[in-house]
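S.K.: Quick one: the structure is below, questions incoming.
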Amino acid sequence: MKKKLNILFVVSEVSPLVSTGGLAEVAQALSSSLRDRGHDVRVALPCYHQLPEEARGTVVSACSADFGGRRVRGALRASSLPGSGVPLYLVEHDGYFGRQGVYGTAAHEYPDNAERFCFFALSLLDALPRGGWRPDVVHCHDWHAAPMAVFLRSRWLGDPFWSGVPVVFTIHNLAFQGRYPAERFAATGIPEELFNDRCMRYEGDMNLMKGAIRLADALTTVSPRYAREIQTLDYGAGLHNELASRSEGLTGILNGVDTSLWNPERDPHIAAPFSGKHPEGKAACKADLQRAMGLPVEDVPLFGLVTRLYWQKGVDLLLDALPSRLAEGAQCVLLGSGDPDLEGRVMEVSGRFPRNLAVRLGYDAALSHRIIAGSDFLLMPSRYEPCGLTQMYALAYGTVPVVRRTGGLYDTVVPLNTRTLGNGTATGVCFIPQTAGAVGRAMDRAAALWTDKDALARVRSAGMARDFSWERSAGEYASLYGRLAGRGGRVS
């Protein structure tokens, strides 16, 4: 029997308490899945203003952050994640976390974010030893948790409690690195000797993620393909050489899907249940979506898009390709928000095609389920996509993904062609060039597939048969933790 481990997750967000994207869903689902496997997983999170009072638990300890020359005091609360029972540590400080936004306002991020998340890490390092529970592994997620990895491998390296605890650092999106002006480094409490080009300095700035990449015992990212891509100039966001130097210690582990939330047979948000063996309810879901979004209930290809409206997601390319397809009779439903210019363009196209394009700016969890269930095709023309969860939701719901072959989209969607359609493995329509023309041609191929009902049914069936549950991914993480804990540290 494999050893059950104590695992500390250090994250900036976790569903359902606070979420701005896929990181929160992964933190919730992975911690729950590991706990189901018998591991003692606990999640550490800042106690943000947005957290409901009933989720804040009770104060269990004072905590203080020694920034080196100044000390800032806060409190550590203990609670649990709603729905899973995973223990939760909350670091409380009104000045740092009692703000309206998690990372900033709509206009800009908070200029002291580096200091805020260093306080978070320092407080955990100070308070947890007094609680009697010691992690076998600390798992830090994205740049906000990078200071925890840096402190453990510098100031706390010889600490009686923390010494020998291995650190895993996961890159969820390399584009966001925690990069700030050099003059803010002194406020972080990170040792001054680490501010150099070999560790935390990048083009004159401090870069928190670079420090974690250098110092963590093991690195992971959220899909095998993305792990390879970020070691290249095109996708490495300036850190490709750093990542290539750690290639032996960098593992791509594909994210999973929380099947308790995303299951068309038991989804409370959709008009009718359905499955791969009994797909009849999907037609009712399509009609329900068309009515709900004010579109004519017609037998035409219906494309769905649930996304943040940013350059990364290729929304600008789609908006160049979309009008001609709408003019030919296709329909599209879009849910999302983000870049004001893209929001404006979306509304302009919707105004020109009110019977074909329905838009809901913002986010609505229930509506996202209805779009995934009711659409014929899901559009994801991403320029890069570390993993992506939406395409995996779509596959489970018999909604054929139309995706660019990059990152996790490459790993999860089998391209439709003569061979894959013939052998029953095709699950989606794929393209490679980052152009509006490529997006448009992929939509045309999807529309052609829609007219061939037998082929469409085969592609849908193959997608619904795929297993993207967290069981496999949690097993890979558990194996990594076990190797690290067994050897007491670094894998490369």
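To be explicit about the labels: the chains of the structure tokens are called A, B, and onward in the order shown, and within each one the residues are counted from 1, while ligands get numbers from 1 in the order they are shown.
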May I have the residues within 6 Å of stretch 191-206 of chain A as a PyMOL selection string, using only C-alpha atoms and disregarding those fewer than 6 positions away in the same chain?

M.R.: chain A and resi 179-182

S.K.: Would you mind listing what lies within 12 Å of A:Thr390 as a VMD selection string, with only C-alpha atoms counted and same-chain residues fewer than 4 positions away left out?

M.R.: chain A and resid 21 to 22 25 255 to 258 262 304 to 308 368 to 369 371 to 373 377 to 380 382 385 394 to 397 399 to 403 408 to 409 412 to 413 468

S.K.: Restricting it to N, CA and C atoms, dump the selection as a short mmCIF file (atom, residue, chain, number, x, y, z; two decimals), in the first residue's frame.

M.R.:
data_model
loop_
_atom_site.label_atom_id
_atom_site.label_comp_id
_atom_site.auth_asym_id
_atom_site.auth_seq_id
_atom_site.Cartn_x
_atom_site.Cartn_y
_atom_site.Cartn_z
N GLY A 21 -10.93 32.04 -13.06
CA GLY A 21 -10.60 31.21 -14.21
C GLY A 21 -10.38 29.77 -13.82
N GLY A 22 -9.65 29.06 -14.69
CA GLY A 22 -9.47 27.62 -14.52
C GLY A 22 -8.66 27.23 -13.31
N GLU A 25 -10.86 26.14 -10.42
CA GLU A 25 -11.51 24.84 -10.62
C GLU A 25 -10.51 23.70 -10.42
N ASN A 255 -4.91 18.46 -16.94
CA ASN A 255 -6.00 18.69 -16.00
C ASN A 255 -7.15 17.74 -16.28
N GLY A 256 -8.04 17.62 -15.31
CA GLY A 256 -9.20 16.76 -15.46
C GLY A 256 -10.50 17.55 -15.39
N VAL A 257 -11.59 16.82 -15.43
CA VAL A 257 -12.93 17.39 -15.36
C VAL A 257 -13.60 16.88 -14.10
N ASP A 258 -14.26 17.77 -13.40
CA ASP A 258 -15.04 17.39 -12.22
C ASP A 258 -16.37 16.84 -12.71
N TRP A 262 -19.95 18.32 -14.15
CA TRP A 262 -20.09 18.31 -15.61
C TRP A 262 -20.43 16.90 -16.08
N GLY A 304 -21.10 27.52 -30.09
CA GLY A 304 -21.04 28.13 -28.76
C GLY A 304 -19.65 28.61 -28.44
N LEU A 305 -19.58 29.63 -27.61
CA LEU A 305 -18.29 30.20 -27.21
C LEU A 305 -18.43 30.65 -25.76
N VAL A 306 -17.70 30.02 -24.86
CA VAL A 306 -17.66 30.40 -23.44
C VAL A 306 -16.21 30.70 -23.12
N THR A 307 -15.88 32.00 -22.97
CA THR A 307 -14.46 32.35 -22.92
C THR A 307 -14.25 33.72 -22.32
N ARG A 308 -13.04 33.98 -21.89
CA ARG A 308 -12.62 35.33 -21.61
C ARG A 308 -12.29 36.00 -22.94
N SER A 368 -23.45 28.80 -18.79
CA SER A 368 -22.32 28.11 -19.43
C SER A 368 -22.65 26.64 -19.64
N HIS A 369 -23.33 26.02 -18.69
CA HIS A 369 -23.74 24.62 -18.86
C HIS A 369 -24.75 24.48 -20.00
N ILE A 371 -25.03 26.39 -22.63
CA ILE A 371 -24.34 26.59 -23.91
C ILE A 371 -23.55 25.34 -24.29
N ILE A 372 -22.84 24.77 -23.32
CA ILE A 372 -22.07 23.56 -23.61
C ILE A 372 -23.00 22.43 -24.04
N ALA A 373 -24.15 22.31 -23.39
CA ALA A 373 -25.08 21.21 -23.70
C ALA A 373 -25.85 21.44 -25.00
N PHE A 377 -21.41 22.86 -31.79
CA PHE A 377 -19.95 22.99 -31.84
C PHE A 377 -19.50 24.02 -30.81
N LEU A 378 -18.32 23.79 -30.26
CA LEU A 378 -17.70 24.74 -29.34
C LEU A 378 -16.48 25.34 -30.01
N LEU A 379 -16.38 26.66 -30.01
CA LEU A 379 -15.27 27.36 -30.65
C LEU A 379 -14.18 27.69 -29.63
N MET A 380 -12.95 27.29 -29.92
CA MET A 380 -11.79 27.66 -29.10
C MET A 380 -10.60 27.93 -30.03
N SER A 382 -7.84 29.46 -29.80
CA SER A 382 -6.81 30.05 -28.95
C SER A 382 -5.45 30.13 -29.64
N GLU A 385 -3.03 27.73 -25.36
CA GLU A 385 -3.99 27.23 -24.36
C GLU A 385 -3.25 26.22 -23.48
N ALA A 394 -17.12 20.14 -23.33
CA ALA A 394 -17.86 19.99 -24.59
C ALA A 394 -17.86 18.54 -25.05
N LEU A 395 -16.72 17.88 -25.00
CA LEU A 395 -16.65 16.48 -25.43
C LEU A 395 -17.61 15.63 -24.61
N ALA A 396 -17.66 15.86 -23.31
CA ALA A 396 -18.55 15.08 -22.45
C ALA A 396 -20.02 15.29 -22.80
N TYR A 397 -20.34 16.45 -23.39
CA TYR A 397 -21.72 16.80 -23.71
C TYR A 397 -22.06 16.61 -25.19
N THR A 399 -20.73 17.96 -27.73
CA THR A 399 -20.57 19.20 -28.48
C THR A 399 -19.18 19.18 -29.09
N VAL A 400 -19.12 19.21 -30.39
CA VAL A 400 -17.85 18.97 -31.10
C VAL A 400 -16.96 20.21 -31.01
N PRO A 401 -15.75 20.09 -30.43
CA PRO A 401 -14.85 21.24 -30.35
C PRO A 401 -14.27 21.61 -31.72
N VAL A 402 -14.19 22.91 -31.96
CA VAL A 402 -13.49 23.46 -33.12
C VAL A 402 -12.33 24.26 -32.53
N VAL A 403 -11.11 23.71 -32.64
CA VAL A 403 -10.00 24.24 -31.85
C VAL A 403 -8.74 24.41 -32.69
N GLY A 408 -3.11 22.14 -24.41
CA GLY A 408 -4.04 21.10 -24.01
C GLY A 408 -5.08 20.77 -25.05
N LEU A 409 -5.34 21.69 -25.98
CA LEU A 409 -6.27 21.40 -27.07
C LEU A 409 -5.68 20.31 -27.97
N THR A 412 -6.12 16.88 -26.17
CA THR A 412 -7.45 16.37 -25.81
C THR A 412 -8.40 16.19 -26.99
N VAL A 413 -8.12 16.81 -28.13
CA VAL A 413 -9.04 16.74 -29.27
C VAL A 413 -8.35 16.02 -30.42
N PHE A 468 -11.95 12.05 -19.12
CA PHE A 468 -11.06 13.10 -18.65
C PHE A 468 -11.30 13.38 -17.17
#

S.K.: Quick one: residues within 12 Å of A:Arg116, only C-alpha atoms, excluding same-chain residues fewer than 4 positions away - as a PyMOL selection string?

M.R.: chain A and resi 12+46-48+65+67+72+74+91-99+102-104+109-112+120-123+144-145+147+178+184+187-189

S.K.: Calculated over only C-alpha atoms, which of the candidates A:Ser469, A:Leu51, A:Met209, A:Pro264 has the smallest distance to A:Ala29?

M.R.: A:Ser469

S.K.: With DSSP run on the backbone, what are the strand (DSSP E or B) residues within stretch 22-254 of chain A? I'd like them as a PyMOL selection string.

M.R.: chain A and resi 40-46+58-66+71-80+87-92+104+109+137-141+167-171+179-180+201-202+205-207+218-221+250-252

S.K.: Looking at A:Cys118, A:Leu17, A:Val137, A:Val346, which one is nearest to A:Ala55, with distances taken over only C-alpha atoms?

M.R.: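 Checking each of A:Cys118, A:Leu17, A:Val137, A:Val346 against A:Ala55, counting only C-alpha atoms, the winner is A:Leu17.
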
S.K.: Quick one, how far is atom CA of A:Arg71 from atom CA of A:His49?

M.R.: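 Separation of atom CA of A:Arg71 and atom CA of A:His49: 22.4 Å.
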
S.K.: May I have the residues within 12 Å of A:Leu23 as an MDAnalysis selection string, using only C-alpha atoms and disregarding those fewer than 3 positions away in the same chain?

M.R.: chainID A and resid 10:16 18:20 26:31 140:144 170:173 221:222 255:256 386:389

S.K.: Which polymer residues have any atom within 10 Å of an atom of stretch 233-248 of chain A, counting only C-alpha atoms, with same-chain residues fewer than 6 positions away left out, as a short mmCIF file (atom, residue, chain, number, x, y, z; two decimals) with C-alpha atoms, in the first residue's frame?

M.R.:
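Output contents, as saved in selection.cif:
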data_model
loop_
_atom_site.label_atom_id
_atom_site.label_comp_id
_atom_site.auth_asym_id
_atom_site.auth_seq_id
_atom_site.Cartn_x
_atom_site.Cartn_y
_atom_site.Cartn_z
CA LEU A 174 3.13 31.23 -18.21
CA ALA A 175 1.94 34.58 -19.54
CA PHE A 176 1.32 35.80 -15.99
CA GLN A 177 4.63 35.73 -14.11
CA ARG A 198 20.45 33.63 -12.37
CA CYS A 199 17.38 33.72 -10.14
CA TYR A 202 14.50 39.45 -15.55
CA GLU A 203 15.28 42.37 -17.86
CA MET A 209 7.72 32.96 -11.29
CA LYS A 210 11.30 32.85 -12.53
CA GLY A 211 12.45 32.43 -8.94
CA ILE A 213 11.18 27.88 -11.67
CA ARG A 214 14.79 28.12 -10.53
CA ASP A 217 12.17 20.77 -6.51
CA ALA A 218 9.81 19.82 -9.34
CA LEU A 219 7.89 21.75 -11.98
CA TYR A 226 2.20 22.86 -23.12
CA ALA A 227 5.18 21.53 -21.15
CA ARG A 383 -3.39 31.35 -29.89
CA TYR A 384 -2.14 29.31 -26.94
CA GLY A 407 -1.32 23.10 -25.69
CA VAL A 491 14.13 15.62 -9.26
CA SER A 492 16.61 17.43 -11.51
#

S.K.: With only C-alpha atoms as the atoms that count, which of A:Ala106, A:Ala146, A:Leu215, A:Leu8 lies nearest to A:Val86?

M.R.: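 Result for the nearest residue to A:Val86: A:Leu8.
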